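Have a look at data_37.cif below; it lists mmCIF, C-alpha atoms.
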data_input
#
loop_
_atom_site.label_atom_id
_atom_site.label_comp_id
_atom_site.auth_asym_id
_atom_site.auth_seq_id
_atom_site.Cartn_x
_atom_site.Cartn_y
_atom_site.Cartn_z
CA MET A 1 103.46 81.02 87.10
CA SER A 2 102.56 84.31 85.41
CA ALA A 3 99.59 84.28 83.05
CA GLU A 4 100.00 85.45 79.46
CA LEU A 5 96.92 86.86 77.77
CA SER A 6 96.31 85.17 74.44
CA ILE A 7 93.68 82.95 72.82
CA LYS A 8 96.02 79.97 72.98
CA SER A 9 96.67 80.40 76.71
CA MET A 10 92.93 80.72 77.31
CA LEU A 11 92.29 77.52 75.35
CA ASP A 12 94.89 75.73 77.46
CA ALA A 13 93.19 76.96 80.66
CA GLY A 14 89.74 75.77 79.48
CA VAL A 15 88.27 79.28 79.53
CA HIS A 16 85.98 78.54 76.57
CA PHE A 17 83.83 75.89 78.27
CA GLY A 18 80.43 77.22 79.35
CA HIS A 19 77.46 75.61 81.09
CA GLN A 20 74.90 73.22 79.70
CA ILE A 21 72.61 74.64 77.04
CA GLN A 22 69.48 74.44 79.20
CA ARG A 23 71.14 76.47 81.96
CA TRP A 24 72.23 79.42 79.87
CA ASN A 25 71.20 83.05 80.26
CA PRO A 26 69.98 84.54 76.93
CA LYS A 27 71.81 87.78 77.74
CA MET A 28 75.08 85.91 77.23
CA LYS A 29 74.22 85.22 73.59
CA PRO A 30 76.67 87.86 72.20
CA TYR A 31 79.53 86.03 73.91
CA VAL A 32 78.61 82.47 72.84
CA TYR A 33 80.41 81.07 69.80
CA THR A 34 78.64 77.74 69.40
CA SER A 35 77.46 74.69 71.31
CA GLN A 36 79.09 71.29 71.41
CA GLY A 37 78.14 68.14 73.31
CA GLY A 38 75.26 69.90 75.03
CA ILE A 39 77.34 72.79 76.40
CA HIS A 40 77.98 76.29 75.13
CA ILE A 41 81.38 77.32 73.81
CA ILE A 42 82.42 80.88 74.66
CA ASN A 43 83.81 83.12 71.94
CA LEU A 44 87.39 83.63 73.06
CA GLN A 45 87.90 86.62 70.78
CA LYS A 46 85.17 88.42 72.72
CA THR A 47 86.78 87.22 75.94
CA LEU A 48 90.13 88.60 74.83
CA ASP A 49 88.68 92.04 74.07
CA CYS A 50 86.73 92.20 77.33
CA THR A 51 89.73 91.07 79.35
CA LYS A 52 91.97 93.78 77.89
CA LYS A 53 89.36 96.40 78.69
CA ALA A 54 88.95 95.11 82.25
CA LEU A 55 92.69 94.93 82.91
CA THR A 56 93.14 98.49 81.67
CA PHE A 57 90.48 99.60 84.12
CA VAL A 58 92.12 97.68 86.98
CA GLU A 59 95.49 99.26 86.24
CA ASP A 60 94.00 102.75 86.01
CA VAL A 61 92.24 102.40 89.36
CA THR A 62 95.35 101.25 91.23
CA ALA A 63 97.52 103.79 89.39
CA ASN A 64 95.39 106.48 91.02
CA GLY A 65 95.76 104.96 94.49
CA GLY A 66 92.51 102.96 94.40
CA VAL A 67 91.94 99.57 96.05
CA PHE A 68 90.01 96.42 95.13
CA ILE A 69 88.23 93.69 97.03
CA PHE A 70 88.80 90.26 95.51
CA VAL A 71 85.66 88.18 96.10
CA GLY A 72 85.62 84.42 95.61
CA THR A 73 83.99 82.06 98.09
CA LYS A 74 83.55 78.88 96.05
CA LYS A 75 85.81 76.05 97.12
CA GLN A 76 88.11 76.04 94.12
CA ALA A 77 88.50 79.83 94.16
CA VAL A 78 89.27 80.41 97.86
CA PRO A 79 93.05 79.73 97.91
CA LEU A 80 93.56 81.39 94.52
CA VAL A 81 91.72 84.57 95.42
CA ARG A 82 93.38 84.82 98.81
CA SER A 83 96.96 84.38 97.56
CA ALA A 84 96.46 86.69 94.55
CA ALA A 85 94.94 89.46 96.71
CA ILE A 86 97.73 89.25 99.27
CA LYS A 87 100.33 89.35 96.50
CA ALA A 88 98.74 92.45 94.99
CA GLY A 89 98.21 94.14 98.37
CA GLN A 90 94.42 94.21 97.98
CA PHE A 91 91.52 93.26 100.25
CA TYR A 92 89.68 89.98 99.82
CA VAL A 93 86.67 87.97 100.96
CA SER A 94 87.09 84.20 100.64
CA LYS A 95 84.78 82.71 103.29
CA ARG A 96 81.37 84.32 102.92
CA TRP A 97 80.26 87.79 101.98
CA LEU A 98 78.60 89.32 105.04
CA GLY A 99 75.55 91.37 104.19
CA GLY A 100 76.27 95.06 104.69
CA THR A 101 80.01 94.82 104.13
CA LEU A 102 79.70 97.82 101.81
CA THR A 103 76.31 99.35 102.59
CA ASN A 104 76.59 99.05 106.39
CA PHE A 105 80.33 99.13 106.95
CA GLN A 106 80.05 100.78 110.38
CA THR A 107 78.47 97.60 111.77
CA ILE A 108 81.13 95.46 110.11
CA LYS A 109 83.76 97.79 111.60
CA VAL A 110 82.50 96.93 115.10
CA SER A 111 83.16 93.24 114.41
CA ILE A 112 86.61 94.07 113.00
CA ASP A 113 87.49 96.04 116.15
CA ARG A 114 86.30 93.14 118.30
CA MET A 115 88.54 90.75 116.34
CA LYS A 116 91.54 93.05 116.75
CA LYS A 117 90.88 93.36 120.48
CA ILE A 118 90.82 89.58 120.95
CA ASP A 119 93.98 89.34 118.87
CA GLN A 120 95.74 91.78 121.21
CA MET A 121 94.49 89.89 124.27
CA ARG A 122 95.91 86.66 122.89
CA GLU A 123 99.30 88.26 122.21
CA ARG A 124 99.54 89.82 125.70
CA GLY A 125 98.31 86.68 127.44
CA ASP A 126 95.27 88.41 128.89
CA LEU A 127 93.13 85.29 128.35
CA GLU A 128 94.95 83.30 131.02
CA PRO A 129 92.79 84.52 133.96
CA PHE A 130 89.63 83.35 132.17
CA SER A 131 88.12 79.95 132.82
CA LYS A 132 88.64 77.14 130.35
CA LYS A 133 85.06 77.43 129.10
CA GLU A 134 85.30 81.20 128.67
CA LYS A 135 88.61 80.91 126.82
CA ALA A 136 87.10 78.34 124.46
CA ARG A 137 84.17 80.64 123.76
CA ILE A 138 86.45 83.59 122.99
CA GLU A 139 88.69 81.45 120.74
CA LYS A 140 85.66 80.22 118.82
CA GLU A 141 84.45 83.77 118.36
CA TYR A 142 87.88 84.85 117.15
CA THR A 143 88.08 81.99 114.64
CA ARG A 144 84.68 82.86 113.19
CA LEU A 145 85.48 86.59 112.90
CA ASN A 146 88.89 85.86 111.42
CA ASP A 147 87.42 83.58 108.75
CA TYR A 148 84.98 86.24 107.59
CA LEU A 149 86.94 89.45 108.16
CA GLU A 150 90.61 88.56 107.85
CA GLY A 151 90.86 89.94 104.31
CA ILE A 152 89.26 93.30 105.13
CA ARG A 153 90.54 93.90 108.68
CA ASP A 154 92.55 96.97 107.59
CA MET A 155 89.86 98.46 105.35
CA LYS A 156 88.91 101.99 106.47
CA LYS A 157 86.39 102.90 103.76
CA SER A 158 84.54 101.47 100.78
CA PRO A 159 86.78 100.08 98.02
CA ASP A 160 87.10 101.70 94.62
CA ALA A 161 86.11 98.51 92.75
CA LEU A 162 85.39 94.80 93.13
CA PHE A 163 86.78 91.75 91.37
CA VAL A 164 84.28 88.87 91.55
CA VAL A 165 84.77 85.28 90.40
CA ASP A 166 81.13 84.16 90.19
CA ILE A 167 78.43 86.88 90.15
CA ASN A 168 75.62 84.39 90.72
CA ARG A 169 77.20 83.06 93.90
CA GLU A 170 78.30 86.54 95.04
CA SER A 171 74.99 88.22 94.17
CA ILE A 172 74.84 90.10 97.49
CA ALA A 173 78.27 91.66 96.92
CA VAL A 174 77.31 92.68 93.38
CA ALA A 175 74.00 94.16 94.57
CA GLU A 176 75.73 96.23 97.27
CA ALA A 177 78.28 97.49 94.75
CA GLN A 178 75.51 98.47 92.35
CA ARG A 179 73.70 100.34 95.11
CA LEU A 180 76.81 102.37 95.96
CA GLY A 181 77.89 102.87 92.35
CA ILE A 182 81.09 100.83 92.80
CA PRO A 183 82.29 99.31 89.49
CA VAL A 184 82.69 95.54 89.28
CA VAL A 185 85.09 93.41 87.26
CA ALA A 186 83.88 89.81 87.15
CA LEU A 187 84.09 86.45 85.44
CA VAL A 188 80.72 85.71 83.84
CA ASP A 189 79.80 82.22 82.70
CA THR A 190 77.01 81.39 80.24
CA ASN A 191 74.49 81.16 83.11
CA CYS A 192 75.12 84.77 84.29
CA ASP A 193 73.66 88.17 83.49
CA PRO A 194 76.54 90.33 82.16
CA GLU A 195 74.45 93.51 82.28
CA LYS A 196 74.72 93.65 86.05
CA ILE A 197 78.39 94.60 85.99
CA GLN A 198 80.52 97.16 84.24
CA TYR A 199 83.47 95.00 83.14
CA PRO A 200 82.34 91.42 82.37
CA ILE A 201 84.89 88.80 81.35
CA PRO A 202 83.06 85.93 79.55
CA SER A 203 84.76 82.78 80.81
CA ASN A 204 84.49 79.51 82.66
CA ASP A 205 84.09 80.49 86.32
CA ASP A 206 84.09 76.92 87.66
CA ALA A 207 87.36 75.34 86.48
CA THR A 208 90.34 75.91 88.77
CA ARG A 209 92.73 76.59 85.87
CA SER A 210 90.41 79.18 84.36
CA ILE A 211 89.94 80.98 87.68
CA GLU A 212 93.68 80.92 88.37
CA PHE A 213 94.38 82.32 84.89
CA PHE A 214 92.25 85.44 85.36
CA VAL A 215 93.04 85.95 89.04
CA GLN A 216 96.73 86.15 88.16
CA LEU A 217 96.05 88.61 85.35
CA VAL A 218 94.06 90.92 87.62
CA SER A 219 96.65 90.63 90.37
CA GLN A 220 99.44 91.58 87.96
CA ALA A 221 97.41 94.53 86.67
CA CYS A 222 97.06 95.75 90.26
CA LEU A 223 100.81 95.51 90.75
CA ASN A 224 101.46 97.42 87.54
CA GLY A 225 99.09 100.16 88.61
CA GLN A 226 100.64 100.37 92.06
CA GLN A 227 104.07 100.76 90.50
CA LYS A 228 102.82 103.72 88.48
CA TRP A 229 101.24 105.19 91.61
CA THR A 230 104.53 104.87 93.52
CA GLN A 231 106.49 106.53 90.74
CA SER A 232 103.94 109.34 90.57
CA VAL A 233 104.13 109.94 94.33
CA ARG A 234 107.92 109.95 94.26
CA TYR A 235 107.95 112.40 91.36
CA LYS A 236 105.54 114.77 93.11
CA THR A 237 107.50 114.53 96.36
CA GLY A 238 110.75 115.21 94.51
CA GLN A 239 109.23 118.26 92.82
CA GLU A 240 108.05 119.65 96.17
CA ILE A 241 111.48 119.15 97.75
CA LYS A 242 113.15 120.73 94.73
CA GLU A 243 110.91 123.78 94.95
CA LYS A 244 111.40 124.17 98.69
CA SER A 245 115.20 123.89 98.51
CA SER A 246 115.90 125.72 95.23
CA PRO A 247 119.65 126.48 94.66
CA ALA A 248 121.13 129.97 95.00
CA GLY A 249 121.57 130.21 91.26
CA SER A 250 117.90 129.57 90.52
CA SER A 251 115.92 132.07 88.52
CA SER A 252 113.74 133.13 91.45
CA HIS A 253 116.72 133.65 93.73
CA SER A 254 118.66 135.50 91.05
CA ALA A 255 115.66 137.69 90.36
CA SER A 256 115.41 138.59 94.05
CA LEU A 257 119.13 139.47 94.14
CA ARG A 258 118.77 141.62 91.04
CA SER A 259 115.78 143.38 92.54
CA ASP A 260 117.76 144.04 95.75
CA LYS A 261 120.67 145.49 93.79
CA LYS A 262 118.33 147.55 91.68
CA THR A 263 116.66 148.97 94.79
CA GLU A 264 120.04 149.76 96.29
CA LYS A 265 121.10 151.67 93.18
CA GLU A 266 117.86 153.60 93.02
CA GLU A 267 117.83 154.55 96.68
CA GLY A 268 121.60 155.18 96.95
CA PRO A 269 123.97 154.07 99.75
CA THR A 270 122.92 154.20 103.35
CA VAL A 271 123.90 157.46 105.09
CA VAL A 272 125.22 157.50 108.67
CA LYS A 273 126.15 160.33 111.05
CA VAL A 274 129.72 160.72 112.32
CA PHE A 275 130.40 162.90 115.38
CA LYS A 276 133.91 164.23 115.92
CA ALA A 277 134.49 167.03 118.39
CA LYS A 278 131.87 169.67 117.65
CA GLU A 279 131.53 168.89 113.96
CA ARG A 280 128.89 166.75 112.35
CA LYS A 281 129.18 165.26 108.91
CA LEU A 282 126.98 163.06 106.81
CA VAL A 283 128.99 160.29 105.16
CA ALA A 284 128.20 157.13 103.23
CA ALA A 285 128.10 153.86 105.12
CA GLY A 286 131.45 152.09 105.02
CA THR A 287 133.51 155.29 104.76
CA ALA A 288 133.12 156.54 108.34
CA ASP A 289 136.59 155.34 109.38
CA ASP A 290 138.30 157.15 106.51
CA VAL A 291 136.43 160.35 107.29
CA GLU A 292 137.41 160.18 110.96
CA ILE A 293 141.11 159.71 110.07
CA SER A 294 141.10 162.67 107.71
CA MET A 295 139.39 164.79 110.35
CA GLU A 296 142.10 163.93 112.90
CA LEU A 297 144.87 164.85 110.46
CA GLU A 298 143.24 168.21 109.79
CA GLU A 299 142.97 168.89 113.53
CA LYS A 300 146.65 168.09 114.16
CA LYS A 301 147.62 170.39 111.31
CA GLU A 302 145.55 173.22 112.79
CA ASP A 303 147.05 172.64 116.27
CA LYS A 304 150.61 173.07 114.90
CA GLN A 305 149.79 176.34 113.16
CA SER A 306 147.71 178.03 115.90
CA PRO A 307 150.44 178.89 118.64
CA SER A 308 152.63 181.17 116.41
CA GLU A 309 149.88 183.46 115.33
CA PRO A 310 149.10 185.07 118.77
CA GLU A 311 152.86 185.82 119.42
CA LYS A 312 153.27 187.74 116.18
CA SER A 313 150.15 189.71 116.77
CA SER A 314 151.18 190.74 120.33
CA ALA A 315 154.68 191.91 119.31
CA SER A 316 153.56 194.07 116.44
CA SER A 317 150.56 195.67 118.11
CA PRO A 318 150.99 199.54 118.35
CA ASP A 319 148.62 199.77 121.30
CA SER A 320 150.60 197.55 123.66
CA PRO A 321 151.06 199.04 127.24
CA GLY A 322 154.88 198.68 127.15
CA GLU A 323 155.27 201.12 124.32
CA ASP A 324 153.12 203.77 126.04
CA LYS A 325 155.30 203.73 129.20
CA GLN A 326 158.45 204.30 127.22
#

Could you take the file, read its structure, and then write that structure out as structure tokens?
Amino acid sequence: MSAELSIKSMLDAGVHFGHQIQRWNPKMKPYVYTSQGGIHIINLQKTLDCTKKALTFVEDVTANGGVFIFVGTKKQAVPLVRSAAIKAGQFYVSKRWLGGTLTNFQTIKVSIDRMKKIDQMRERGDLEPFSKKEKARIEKEYTRLNDYLEGIRDMKKSPDALFVVDINRESIAVAEAQRLGIPVVALVDTNCDPEKIQYPIPSNDDATRSIEFFVQLVSQACLNGQQKWTQSVRYKTGQEIKEKSSPAGSSSHSASLRSDKKTEKEEGPTVVKVFKAKERKLVAAGTADDVEISMELEEKKEDKQSPSEPEKSSASSPDSPGEDKQ
């Protein structure tokens, strides 16, 4: 069931019910509409405005490739937070927030690596040589680590933001986020301090229907942002491929061809040397064959004319020895 953001849908989910009057936090006064039957009634118009602002932020973060940690460890929130985070492809903590998850992640990473190692040993059957007692101890350790770290086992660095169901219960997570400057989106009931977080959503953080309503909205906002991120990556990748494999008729390629032709015209055709007999001629590249043929024809013509000339000269010479003897 997909949640639809409206005052009517929030009324149906029981978002407007706050805590008892004596348990309220005075800093929540701007978000309280009235009191009825000894409990505060939340102003749903304020909730609507805050929710839109928070969802816009969630979508912007994921649209830029950012990631969230969904945090909800109260009994009624555990299955909702876990399923919504998995659906949106985000990290989650649903058992208990371990101190230092953000501020001392290197230590947490050691526990994550240990859990992964045991997981590999179980898959390969490497636990078989161990004794029954040792196997039971390792299985117990794995179960405990998996309960606490299953939702963040693939996390490599601090998240870009947190989504918290109850900031009073998850005070350690909120404090660590504040210390590192990580923005927090959270459901704040009338017994909470909204000034601790950047994007408060005034609402009932105890009722299952109310929690489910907002968890679905945040999950859908994450999916919308991820879709934008995917489209952006595909567009950038397509542009890079297009630039690398530009067609022959592109402006850059055409400009290079024009510049080559222009250079060829300015410098003139390439000149090559042709050797034929004892003569040497400089001819343009591509015309060497024609020049050689013409040179051969000229030589044959000269060969035909050259034998007759010596005979005529010898017969008509007045100084020949034959004439002197006579």

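Across the model, the gap from atom CA of A:Lys87 to atom CA of A:Cys222 is 9.5 Å.
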
The PyMOL selection byres ((chain A and resi 190) around 7) resolved against shown file, as a list in words: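 For this structure, the PyMOL selection byres ((chain A and resi 190) around 7) captures Gly18, His19, Trp24, Asn25, Met28, Val188, Asp189, Asn191 and Cys192 of chain A.
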
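Here the question is which of A:Met115, A:Val32, A:Ile69, A:Ile201 gets nearest to A:Asp147 using all atoms listed in the file, and that residue is A:Met115.
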
Counting only C-alpha atoms, closest pick from A:Val174, A:Val58, A:Val71, A:Val164 relative to A:Thr103 is A:Val174

Can you list, as a PyMOL selection string, the residues that the PyMOL selection byres ((chain A and resi 80) around 9) selects here? chain A and resi 72+76-79+81-85+208+211-212+215-216

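The two atoms in question, atom CA of A:Arg137 and atom CA of A:Glu123, are spaced 17.0 Å apart.
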
Shell around A:Leu44 at 9 Å using only C-alpha atoms, local window under 3 positions removed, as a ChimeraX atom specification: /A:7,10-11,15-16,31-33,41,47-49,202-203

Hey, which of A:Met155, A:Ile138, A:Leu102, A:Val110 ends up closest to A:Glu176? Count only C-alpha atoms.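 Checking each of A:Met155, A:Ile138, A:Leu102, A:Val110 against A:Glu176, counting only C-alpha atoms, the winner is A:Leu102.
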